[in-house]
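S.K.: What follows is the file protein.pdb, containing PDB, N, CA and C atoms:
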```pdb
ATOM      1  N   MET X  72     -78.394  13.961 -67.398
ATOM      2  CA  MET X  72     -77.654  13.894 -66.160
ATOM      3  C   MET X  72     -78.180  14.981 -65.219
ATOM      4  N   HIS X  73     -78.426  14.608 -63.995
ATOM      5  CA  HIS X  73     -78.913  15.555 -62.997
ATOM      6  C   HIS X  73     -77.871  15.732 -61.906
ATOM      7  N   TRP X  74     -77.604  16.965 -61.597
ATOM      8  CA  TRP X  74     -76.692  17.274 -60.498
ATOM      9  C   TRP X  74     -77.536  17.580 -59.279
ATOM     10  N   ARG X  75     -77.182  16.979 -58.191
ATOM     11  CA  ARG X  75     -77.901  17.290 -56.958
ATOM     12  C   ARG X  75     -77.371  18.608 -56.415
ATOM     13  N   SER X  76     -78.283  19.509 -56.163
ATOM     14  CA  SER X  76     -77.835  20.781 -55.602
ATOM     15  C   SER X  76     -77.749  20.636 -54.087
ATOM     16  N   GLU X  77     -76.748  21.267 -53.557
ATOM     17  CA  GLU X  77     -76.604  21.249 -52.108
ATOM     18  C   GLU X  77     -77.472  22.353 -51.548
ATOM     19  N   LYS X  78     -78.505  21.956 -50.869
ATOM     20  CA  LYS X  78     -79.434  22.917 -50.305
ATOM     21  C   LYS X  78     -79.159  23.023 -48.809
ATOM     22  N   LYS X  79     -79.014  24.248 -48.355
ATOM     23  CA  LYS X  79     -78.766  24.470 -46.941
ATOM     24  C   LYS X  79     -80.049  24.133 -46.190
ATOM     25  N   THR X  80     -79.976  23.170 -45.326
ATOM     26  CA  THR X  80     -81.173  22.746 -44.640
ATOM     27  C   THR X  80     -81.174  23.268 -43.211
ATOM     28  N   VAL X  81     -82.246  23.921 -42.836
ATOM     29  CA  VAL X  81     -82.332  24.507 -41.504
ATOM     30  C   VAL X  81     -83.403  23.824 -40.667
ATOM     31  N   GLU X  82     -84.150  22.938 -41.307
ATOM     32  CA  GLU X  82     -85.208  22.224 -40.604
ATOM     33  C   GLU X  82     -84.622  21.508 -39.395
ATOM     34  N   GLY X  83     -85.280  21.663 -38.262
ATOM     35  CA  GLY X  83     -84.802  21.008 -37.053
ATOM     36  C   GLY X  83     -83.866  21.865 -36.216
ATOM     37  N   LEU X  84     -83.378  22.966 -36.771
ATOM     38  CA  LEU X  84     -82.525  23.865 -35.995
ATOM     39  C   LEU X  84     -83.410  24.730 -35.098
ATOM     40  N   PRO X  85     -82.899  25.178 -33.940
ATOM     41  CA  PRO X  85     -83.735  25.871 -32.958
ATOM     42  C   PRO X  85     -84.398  27.164 -33.442
ATOM     43  N   LEU X  86     -83.791  27.872 -34.380
ATOM     44  CA  LEU X  86     -84.376  29.138 -34.850
ATOM     45  C   LEU X  86     -84.932  29.010 -36.269
ATOM     46  N   ALA X  87     -85.111  27.780 -36.736
ATOM     47  CA  ALA X  87     -85.635  27.553 -38.088
ATOM     48  C   ALA X  87     -86.986  28.236 -38.253
ATOM     49  N   GLY X  88     -87.144  28.926 -39.367
ATOM     50  CA  GLY X  88     -88.402  29.601 -39.663
ATOM     51  C   GLY X  88     -88.539  30.972 -39.029
ATOM     52  N   GLN X  89     -87.556  31.387 -38.271
ATOM     53  CA  GLN X  89     -87.610  32.696 -37.614
ATOM     54  C   GLN X  89     -86.784  33.714 -38.390
ATOM     55  N   THR X  90     -87.321  34.927 -38.494
ATOM     56  CA  THR X  90     -86.593  36.031 -39.113
ATOM     57  C   THR X  90     -86.157  36.985 -38.010
ATOM     58  N   TRP X  91     -84.872  37.281 -37.982
ATOM     59  CA  TRP X  91     -84.288  38.180 -36.994
ATOM     60  C   TRP X  91     -83.732  39.404 -37.710
ATOM     61  N   VAL X  92     -83.757  40.546 -37.019
ATOM     62  CA  VAL X  92     -83.205  41.791 -37.556
ATOM     63  C   VAL X  92     -82.229  42.359 -36.532
ATOM     64  N   LEU X  93     -81.060  42.775 -37.007
ATOM     65  CA  LEU X  93     -80.061  43.436 -36.162
ATOM     66  C   LEU X  93     -80.101  44.925 -36.469
ATOM     67  N   THR X  94     -80.198  45.760 -35.429
ATOM     68  CA  THR X  94     -80.220  47.203 -35.637
ATOM     69  C   THR X  94     -79.389  47.893 -34.561
ATOM     70  N   GLY X  95     -78.841  49.035 -34.890
ATOM     71  CA  GLY X  95     -77.947  49.713 -33.956
ATOM     72  C   GLY X  95     -76.589  49.037 -33.976
ATOM     73  N   SER X  96     -75.726  49.440 -33.053
ATOM     74  CA  SER X  96     -74.384  48.851 -33.036
ATOM     75  C   SER X  96     -74.301  47.781 -31.953
ATOM     76  N   LEU X  97     -73.464  46.806 -32.199
ATOM     77  CA  LEU X  97     -73.192  45.770 -31.209
ATOM     78  C   LEU X  97     -71.782  46.008 -30.696
ATOM     79  N   GLU X  98     -71.581  45.836 -29.404
ATOM     80  CA  GLU X  98     -70.293  46.158 -28.805
ATOM     81  C   GLU X  98     -69.416  44.939 -28.549
ATOM     82  N   ARG X  99     -70.020  43.783 -28.306
ATOM     83  CA  ARG X  99     -69.226  42.603 -27.933
ATOM     84  C   ARG X  99     -68.964  41.653 -29.092
ATOM     85  N   MET X 100     -69.639  41.850 -30.205
ATOM     86  CA  MET X 100     -69.357  41.069 -31.413
ATOM     87  C   MET X 100     -69.803  41.898 -32.604
ATOM     88  N   SER X 101     -69.210  41.652 -33.740
ATOM     89  CA  SER X 101     -69.608  42.406 -34.931
ATOM     90  C   SER X 101     -70.972  41.917 -35.410
ATOM     91  N   ARG X 102     -71.623  42.743 -36.195
ATOM     92  CA  ARG X 102     -72.921  42.354 -36.760
ATOM     93  C   ARG X 102     -72.761  41.121 -37.650
ATOM     94  N   ASP X 103     -71.646  41.051 -38.382
ATOM     95  CA  ASP X 103     -71.411  39.890 -39.250
ATOM     96  C   ASP X 103     -71.314  38.602 -38.438
ATOM     97  N   VAL X 104     -70.630  38.662 -37.305
ATOM     98  CA  VAL X 104     -70.498  37.481 -36.449
ATOM     99  C   VAL X 104     -71.860  37.118 -35.858
ATOM    100  N   ALA X 105     -72.609  38.118 -35.398
ATOM    101  CA  ALA X 105     -73.944  37.860 -34.850
ATOM    102  C   ALA X 105     -74.832  37.213 -35.912
ATOM    103  N   LYS X 106     -74.769  37.744 -37.128
ATOM    104  CA  LYS X 106     -75.567  37.186 -38.230
ATOM    105  C   LYS X 106     -75.180  35.729 -38.484
ATOM    106  N   GLU X 107     -73.884  35.461 -38.529
ATOM    107  CA  GLU X 107     -73.375  34.100 -38.744
ATOM    108  C   GLU X 107     -73.892  33.133 -37.681
ATOM    109  N   LYS X 108     -73.839  33.571 -36.425
ATOM    110  CA  LYS X 108     -74.269  32.714 -35.321
ATOM    111  C   LYS X 108     -75.770  32.444 -35.396
ATOM    112  N   LEU X 109     -76.556  33.471 -35.704
ATOM    113  CA  LEU X 109     -78.001  33.282 -35.831
ATOM    114  C   LEU X 109     -78.328  32.350 -36.994
ATOM    115  N   GLU X 110     -77.655  32.554 -38.115
ATOM    116  CA  GLU X 110     -77.898  31.700 -39.282
ATOM    117  C   GLU X 110     -77.490  30.256 -39.011
ATOM    118  N   SER X 111     -76.459  30.052 -38.187
ATOM    119  CA  SER X 111     -76.033  28.684 -37.862
ATOM    120  C   SER X 111     -77.101  27.949 -37.054
ATOM    121  N   LEU X 112     -77.999  28.710 -36.444
ATOM    122  CA  LEU X 112     -79.102  28.135 -35.672
ATOM    123  C   LEU X 112     -80.387  28.044 -36.495
ATOM    124  N   GLY X 113     -80.301  28.430 -37.771
ATOM    125  CA  GLY X 113     -81.448  28.302 -38.661
ATOM    126  C   GLY X 113     -82.220  29.575 -38.918
ATOM    127  N   ALA X 114     -81.856  30.674 -38.253
ATOM    128  CA  ALA X 114     -82.577  31.932 -38.444
ATOM    129  C   ALA X 114     -82.238  32.555 -39.792
ATOM    130  N   LYS X 115     -83.189  33.301 -40.319
ATOM    131  CA  LYS X 115     -82.932  34.157 -41.472
ATOM    132  C   LYS X 115     -82.692  35.544 -40.882
ATOM    133  N   VAL X 116     -81.626  36.213 -41.289
ATOM    134  CA  VAL X 116     -81.341  37.556 -40.785
ATOM    135  C   VAL X 116     -81.666  38.538 -41.896
ATOM    136  N   SER X 117     -82.583  39.459 -41.591
ATOM    137  CA  SER X 117     -83.079  40.407 -42.580
ATOM    138  C   SER X 117     -82.619  41.818 -42.239
ATOM    139  N   GLY X 118     -82.672  42.679 -43.232
ATOM    140  CA  GLY X 118     -82.290  44.071 -43.026
ATOM    141  C   GLY X 118     -83.464  44.977 -42.718
ATOM    142  N   SER X 119     -84.683  44.419 -42.747
ATOM    143  CA  SER X 119     -85.844  45.267 -42.490
ATOM    144  C   SER X 119     -86.845  44.563 -41.581
ATOM    145  N   VAL X 120     -87.577  45.361 -40.826
ATOM    146  CA  VAL X 120     -88.565  44.864 -39.877
ATOM    147  C   VAL X 120     -89.925  44.796 -40.560
ATOM    148  N   SER X 121     -90.625  43.688 -40.348
ATOM    149  CA  SER X 121     -91.988  43.544 -40.865
ATOM    150  C   SER X 121     -92.786  42.702 -39.877
ATOM    151  N   ALA X 122     -94.047  42.504 -40.185
ATOM    152  CA  ALA X 122     -94.897  41.678 -39.327
ATOM    153  C   ALA X 122     -94.400  40.237 -39.280
ATOM    154  N   LYS X 123     -93.594  39.839 -40.261
ATOM    155  CA  LYS X 123     -93.058  38.474 -40.299
ATOM    156  C   LYS X 123     -91.786  38.325 -39.464
ATOM    157  N   THR X 124     -91.262  39.436 -38.945
ATOM    158  CA  THR X 124     -90.050  39.400 -38.124
ATOM    159  C   THR X 124     -90.375  38.757 -36.786
ATOM    160  N   HIS X 125     -89.517  37.864 -36.342
ATOM    161  CA  HIS X 125     -89.706  37.182 -35.063
ATOM    162  C   HIS X 125     -89.066  37.969 -33.921
ATOM    163  N   THR X 126     -87.813  38.393 -34.107
ATOM    164  CA  THR X 126     -87.063  39.056 -33.041
ATOM    165  C   THR X 126     -86.165  40.143 -33.625
ATOM    166  N   VAL X 127     -86.068  41.261 -32.903
ATOM    167  CA  VAL X 127     -85.167  42.350 -33.277
ATOM    168  C   VAL X 127     -84.117  42.478 -32.177
ATOM    169  N   VAL X 128     -82.854  42.527 -32.578
ATOM    170  CA  VAL X 128     -81.762  42.772 -31.638
ATOM    171  C   VAL X 128     -81.366  44.229 -31.820
ATOM    172  N   ALA X 129     -81.551  45.028 -30.766
ATOM    173  CA  ALA X 129     -81.323  46.469 -30.857
ATOM    174  C   ALA X 129     -80.164  46.889 -29.967
ATOM    175  N   GLY X 130     -79.157  47.470 -30.590
ATOM    176  CA  GLY X 130     -78.021  48.007 -29.864
ATOM    177  C   GLY X 130     -78.117  49.519 -29.796
ATOM    178  N   PRO X 131     -77.116  50.166 -29.192
ATOM    179  CA  PRO X 131     -77.089  51.624 -29.136
ATOM    180  C   PRO X 131     -77.193  52.220 -30.539
ATOM    181  N   GLY X 132     -77.980  53.266 -30.659
ATOM    182  CA  GLY X 132     -78.140  53.930 -31.946
ATOM    183  C   GLY X 132     -79.248  53.346 -32.801
ATOM    184  N   ALA X 133     -79.988  52.381 -32.257
ATOM    185  CA  ALA X 133     -81.108  51.809 -33.018
ATOM    186  C   ALA X 133     -82.125  52.918 -33.270
ATOM    187  N   GLY X 134     -82.664  52.951 -34.463
ATOM    188  CA  GLY X 134     -83.587  54.028 -34.813
ATOM    189  C   GLY X 134     -84.943  53.532 -35.253
ATOM    190  N   SER X 135     -85.247  53.754 -36.528
ATOM    191  CA  SER X 135     -86.582  53.469 -37.049
ATOM    192  C   SER X 135     -86.945  51.986 -37.000
ATOM    193  N   LYS X 136     -85.964  51.104 -37.113
ATOM    194  CA  LYS X 136     -86.266  49.662 -37.039
ATOM    195  C   LYS X 136     -86.780  49.300 -35.645
ATOM    196  N   LEU X 137     -86.179  49.889 -34.616
ATOM    197  CA  LEU X 137     -86.628  49.640 -33.249
ATOM    198  C   LEU X 137     -88.025  50.212 -33.040
ATOM    199  N   THR X 138     -88.256  51.412 -33.552
ATOM    200  CA  THR X 138     -89.576  52.035 -33.443
ATOM    201  C   THR X 138     -90.634  51.149 -34.088
ATOM    202  N   LYS X 139     -90.352  50.672 -35.293
ATOM    203  CA  LYS X 139     -91.305  49.822 -36.006
ATOM    204  C   LYS X 139     -91.528  48.508 -35.257
ATOM    205  N   ALA X 140     -90.462  47.925 -34.714
ATOM    206  CA  ALA X 140     -90.589  46.677 -33.951
ATOM    207  C   ALA X 140     -91.514  46.871 -32.758
ATOM    208  N   ASN X 141     -91.356  47.986 -32.058
ATOM    209  CA  ASN X 141     -92.221  48.279 -30.914
ATOM    210  C   ASN X 141     -93.663  48.488 -31.351
ATOM    211  N   GLU X 142     -93.862  49.188 -32.464
ATOM    212  CA  GLU X 142     -95.216  49.410 -32.984
ATOM    213  C   GLU X 142     -95.899  48.091 -33.332
ATOM    214  N   LEU X 143     -95.116  47.139 -33.842
ATOM    215  CA  LEU X 143     -95.665  45.840 -34.237
ATOM    216  C   LEU X 143     -95.750  44.853 -33.068
ATOM    217  N   GLY X 144     -95.234  45.247 -31.908
ATOM    218  CA  GLY X 144     -95.281  44.376 -30.738
ATOM    219  C   GLY X 144     -94.347  43.179 -30.827
ATOM    220  N   LEU X 145     -93.230  43.361 -31.531
ATOM    221  CA  LEU X 145     -92.270  42.271 -31.718
ATOM    222  C   LEU X 145     -91.367  42.114 -30.496
ATOM    223  N   THR X 146     -90.761  40.950 -30.370
ATOM    224  CA  THR X 146     -89.772  40.713 -29.321
ATOM    225  C   THR X 146     -88.515  41.506 -29.656
ATOM    226  N   VAL X 147     -88.041  42.294 -28.690
ATOM    227  CA  VAL X 147     -86.825  43.088 -28.874
ATOM    228  C   VAL X 147     -85.829  42.673 -27.789
ATOM    229  N   LEU X 148     -84.628  42.310 -28.222
ATOM    230  CA  LEU X 148     -83.561  41.932 -27.298
ATOM    231  C   LEU X 148     -82.425  42.940 -27.386
ATOM    232  N   ASP X 149     -81.740  43.161 -26.260
ATOM    233  CA  ASP X 149     -80.500  43.926 -26.328
ATOM    234  C   ASP X 149     -79.362  42.922 -26.556
ATOM    235  N   GLU X 150     -78.147  43.422 -26.684
ATOM    236  CA  GLU X 150     -77.029  42.538 -26.997
ATOM    237  C   GLU X 150     -76.796  41.498 -25.902
ATOM    238  N   ASP X 151     -76.931  41.890 -24.637
ATOM    239  CA  ASP X 151     -76.729  40.931 -23.543
ATOM    240  C   ASP X 151     -77.734  39.784 -23.625
ATOM    241  N   ALA X 152     -78.991  40.114 -23.934
ATOM    242  CA  ALA X 152     -80.023  39.077 -24.057
ATOM    243  C   ALA X 152     -79.739  38.168 -25.254
ATOM    244  N   LEU X 153     -79.216  38.744 -26.339
ATOM    245  CA  LEU X 153     -78.835  37.932 -27.498
ATOM    246  C   LEU X 153     -77.732  36.953 -27.107
ATOM    247  N   LEU X 154     -76.707  37.444 -26.430
ATOM    248  CA  LEU X 154     -75.593  36.590 -26.018
ATOM    249  C   LEU X 154     -76.073  35.469 -25.098
ATOM    250  N   LYS X 155     -76.981  35.795 -24.191
ATOM    251  CA  LYS X 155     -77.539  34.786 -23.284
ATOM    252  C   LYS X 155     -78.305  33.732 -24.083
ATOM    253  N   ARG X 156     -79.111  34.176 -25.035
ATOM    254  CA  ARG X 156     -79.905  33.249 -25.862
ATOM    255  C   ARG X 156     -78.984  32.334 -26.676
ATOM    256  N   LEU X 157     -77.948  32.910 -27.278
ATOM    257  CA  LEU X 157     -77.002  32.104 -28.053
ATOM    258  C   LEU X 157     -76.332  31.053 -27.167
ATOM    259  N   THR X 158     -75.937  31.457 -25.966
ATOM    260  CA  THR X 158     -75.299  30.537 -25.026
ATOM    261  C   THR X 158     -76.257  29.406 -24.651
ATOM    262  N   GLU X 159     -77.527  29.760 -24.379
ATOM    263  CA  GLU X 159     -78.537  28.747 -24.044
ATOM    264  C   GLU X 159     -78.695  27.728 -25.171
ATOM    265  N   LEU X 160     -78.492  28.184 -26.409
ATOM    266  CA  LEU X 160     -78.651  27.307 -27.568
ATOM    267  C   LEU X 160     -77.346  26.604 -27.949
ATOM    268  N   GLY X 161     -76.316  26.767 -27.098
ATOM    269  CA  GLY X 161     -75.070  26.031 -27.294
ATOM    270  C   GLY X 161     -74.069  26.665 -28.241
ATOM    271  N   VAL X 162     -74.226  27.969 -28.508
ATOM    272  CA  VAL X 162     -73.304  28.662 -29.409
ATOM    273  C   VAL X 162     -72.292  29.447 -28.576
ATOM    274  N   ALA X 163     -71.015  29.268 -28.866
ATOM    275  CA  ALA X 163     -69.953  29.998 -28.159
ATOM    276  C   ALA X 163     -70.029  31.474 -28.532
ATOM    277  N   VAL X 164     -69.937  32.338 -27.537
ATOM    278  CA  VAL X 164     -70.061  33.773 -27.799
ATOM    279  C   VAL X 164     -68.801  34.561 -27.484
ATOM    280  N   ASP X 165     -67.701  33.889 -27.148
ATOM    281  CA  ASP X 165     -66.483  34.642 -26.845
ATOM    282  C   ASP X 165     -65.512  34.635 -27.978
TER
END
```
As structure tokens - that is how I would like this structure written.
M.R.:
Amino acid sequence: MHWRSEKKTVEGLPLAGQTWVLTGSLERMSRDVAKEKLESLGAKVSGSVSAKTHTVVAGPGAGSKLTKANELGLTVLDEDALLKRLTELGVAVD
């Protein structure tokens, strides 16, 4: 007997295949909520920055992760830009 496993499928979602990193503090939503919203769009949210990272969201107090993102030439968004991007992709941000 074989049980079908329920696999979370992200193929076809707007951020599928992208790794995002949250660093610093967010003021308008918690990091957990931001992570949830990004994952609902297919993104993988990681705790560390690497060459495979697609986008870094940097809030006040961002430190070494922001420095590394800049060194690697990665896309860095502030919280307002994240909220705008989520809205553009049809995710409620309030």
S.K.: Can you write out as a tab-separated table which residues of region 91-118 of chain X fall within 6 Å of region 124-132 of chain X, alongside each residue's closest atom pair and its distance in Å to one decimal, counting only C-alpha atoms and ordering rows by chain and ascending residue number?
M.R.:
```
residue	atom	partner	partner_atom	distance
X:Trp91	CA	X:Thr126	CA	4.9
X:Val92	CA	X:Val127	CA	4.7
X:Leu93	CA	X:Val128	CA	4.9
X:Thr94	CA	X:Ala129	CA	5.0
X:Gly95	CA	X:Gly130	CA	4.4
X:Ser96	CA	X:Gly130	CA	4.9
X:Leu97	CA	X:Gly130	CA	5.5
```
S.K.: Generate the output file for the selected residues, N, CA and C atoms, as a tab-separated table (two decimals), keeping the file's coordinate frame.
M.R.:
```tsv
chain	number	residue	atom	x	y	z
X	91	TRP	N	-84.87	37.28	-37.98
X	91	TRP	CA	-84.29	38.18	-36.99
X	91	TRP	C	-83.73	39.40	-37.71
X	92	VAL	N	-83.76	40.55	-37.02
X	92	VAL	CA	-83.20	41.79	-37.56
X	92	VAL	C	-82.23	42.36	-36.53
X	93	LEU	N	-81.06	42.78	-37.01
X	93	LEU	CA	-80.06	43.44	-36.16
X	93	LEU	C	-80.10	44.92	-36.47
X	94	THR	N	-80.20	45.76	-35.43
X	94	THR	CA	-80.22	47.20	-35.64
X	94	THR	C	-79.39	47.89	-34.56
X	95	GLY	N	-78.84	49.04	-34.89
X	95	GLY	CA	-77.95	49.71	-33.96
X	95	GLY	C	-76.59	49.04	-33.98
X	96	SER	N	-75.73	49.44	-33.05
X	96	SER	CA	-74.38	48.85	-33.04
X	96	SER	C	-74.30	47.78	-31.95
X	97	LEU	N	-73.46	46.81	-32.20
X	97	LEU	CA	-73.19	45.77	-31.21
X	97	LEU	C	-71.78	46.01	-30.70
```
S.K.: Which polymer residues, protein or nucleic acid, are no farther than 6.5 Å from (-70.5, 27.6, -32.9), counting all atoms listed in the file, as a list in words?
M.R.: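 In the file's frame, the residues around the point are Gly161, Val162 and Ala163 of chain X.
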S.K.: So how many Å separate CA of Gly83 (chain X) and CA of Val116 (chain X), to one decimal?
M.R.: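 Computed distance, CA of Gly83 (chain X) to CA of Val116 (chain X), equals 17.3 Å.
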S.K.: Apply DSSP to the backbone of this structure and, from chain X, keep only the residues in helix (DSSP H, G or I); write these as a list in words.
M.R.: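 The residues of chain X classed as helix (DSSP H, G or I) are Arg102, Asp103, Val104, Ala105, Lys106, Glu107, Lys108, Leu109, Glu110, Ser111, Ser135, Lys136, Leu137, Thr138, Lys139, Ala140, Asn141, Glu142, Leu143, Glu150, Asp151, Ala152, Leu153, Leu154, Lys155, Arg156, Leu157, Thr158 and Glu159 of chain X.
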S.K.: Might I get the box with edges along x, y and z of the file that holds all atoms of region 98-115 of chain X listed there, padded by 6 Å on every side, given as centre and edge lengths in Å to one decimal, as JSON?
M.R.:
```
{"center_x": -76.1, "center_y": 37.1, "center_z": -34.7, "size_x": 26.2, "size_y": 30.2, "size_z": 25.5}
```
S.K.: With distances taken over all atoms listed in the file, which of X:Glu98, X:Thr90, X:Leu84, X:Lys106 is nearest to Glu150 (chain X)?
M.R.: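 Among the listed residues, the smallest separation from Glu150 (chain X) belongs to X:Glu98.
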S.K.: Determine, counting all atoms listed in the file, which protein, DNA and RNA residues have an atom within 8 Å of an atom of Leu112 (chain X); residues of the same chain fewer than 3 positions away are not included. Present the result as a ChimeraX atom specification.
M.R.: /X:81-88,106-109,115
S.K.: Report, in Å to a single decimal, how far apart CA of Ala105 (chain X) and CA of Asn141 (chain X) are.
M.R.: 21.4 Å
S.K.: Using only C-alpha atoms, which residue out of X:Val120, X:Leu160, X:Met100, X:Leu154 lies closest to Lys139 (chain X)?
M.R.: X:Val120
S.K.: In Å, rounded to a single decimal, give me how far atom C of Lys123 (chain X) is from atom C of Gly144 (chain X).
M.R.: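 These two atoms are separated by 10.2 Å.
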S.K.: Could you check the closest approach to Ala122 (chain X) for each of X:Leu143, X:Val164, X:Leu137, X:Val104 and tell me which residue wins, using only C-alpha atoms?
M.R.: X:Leu143
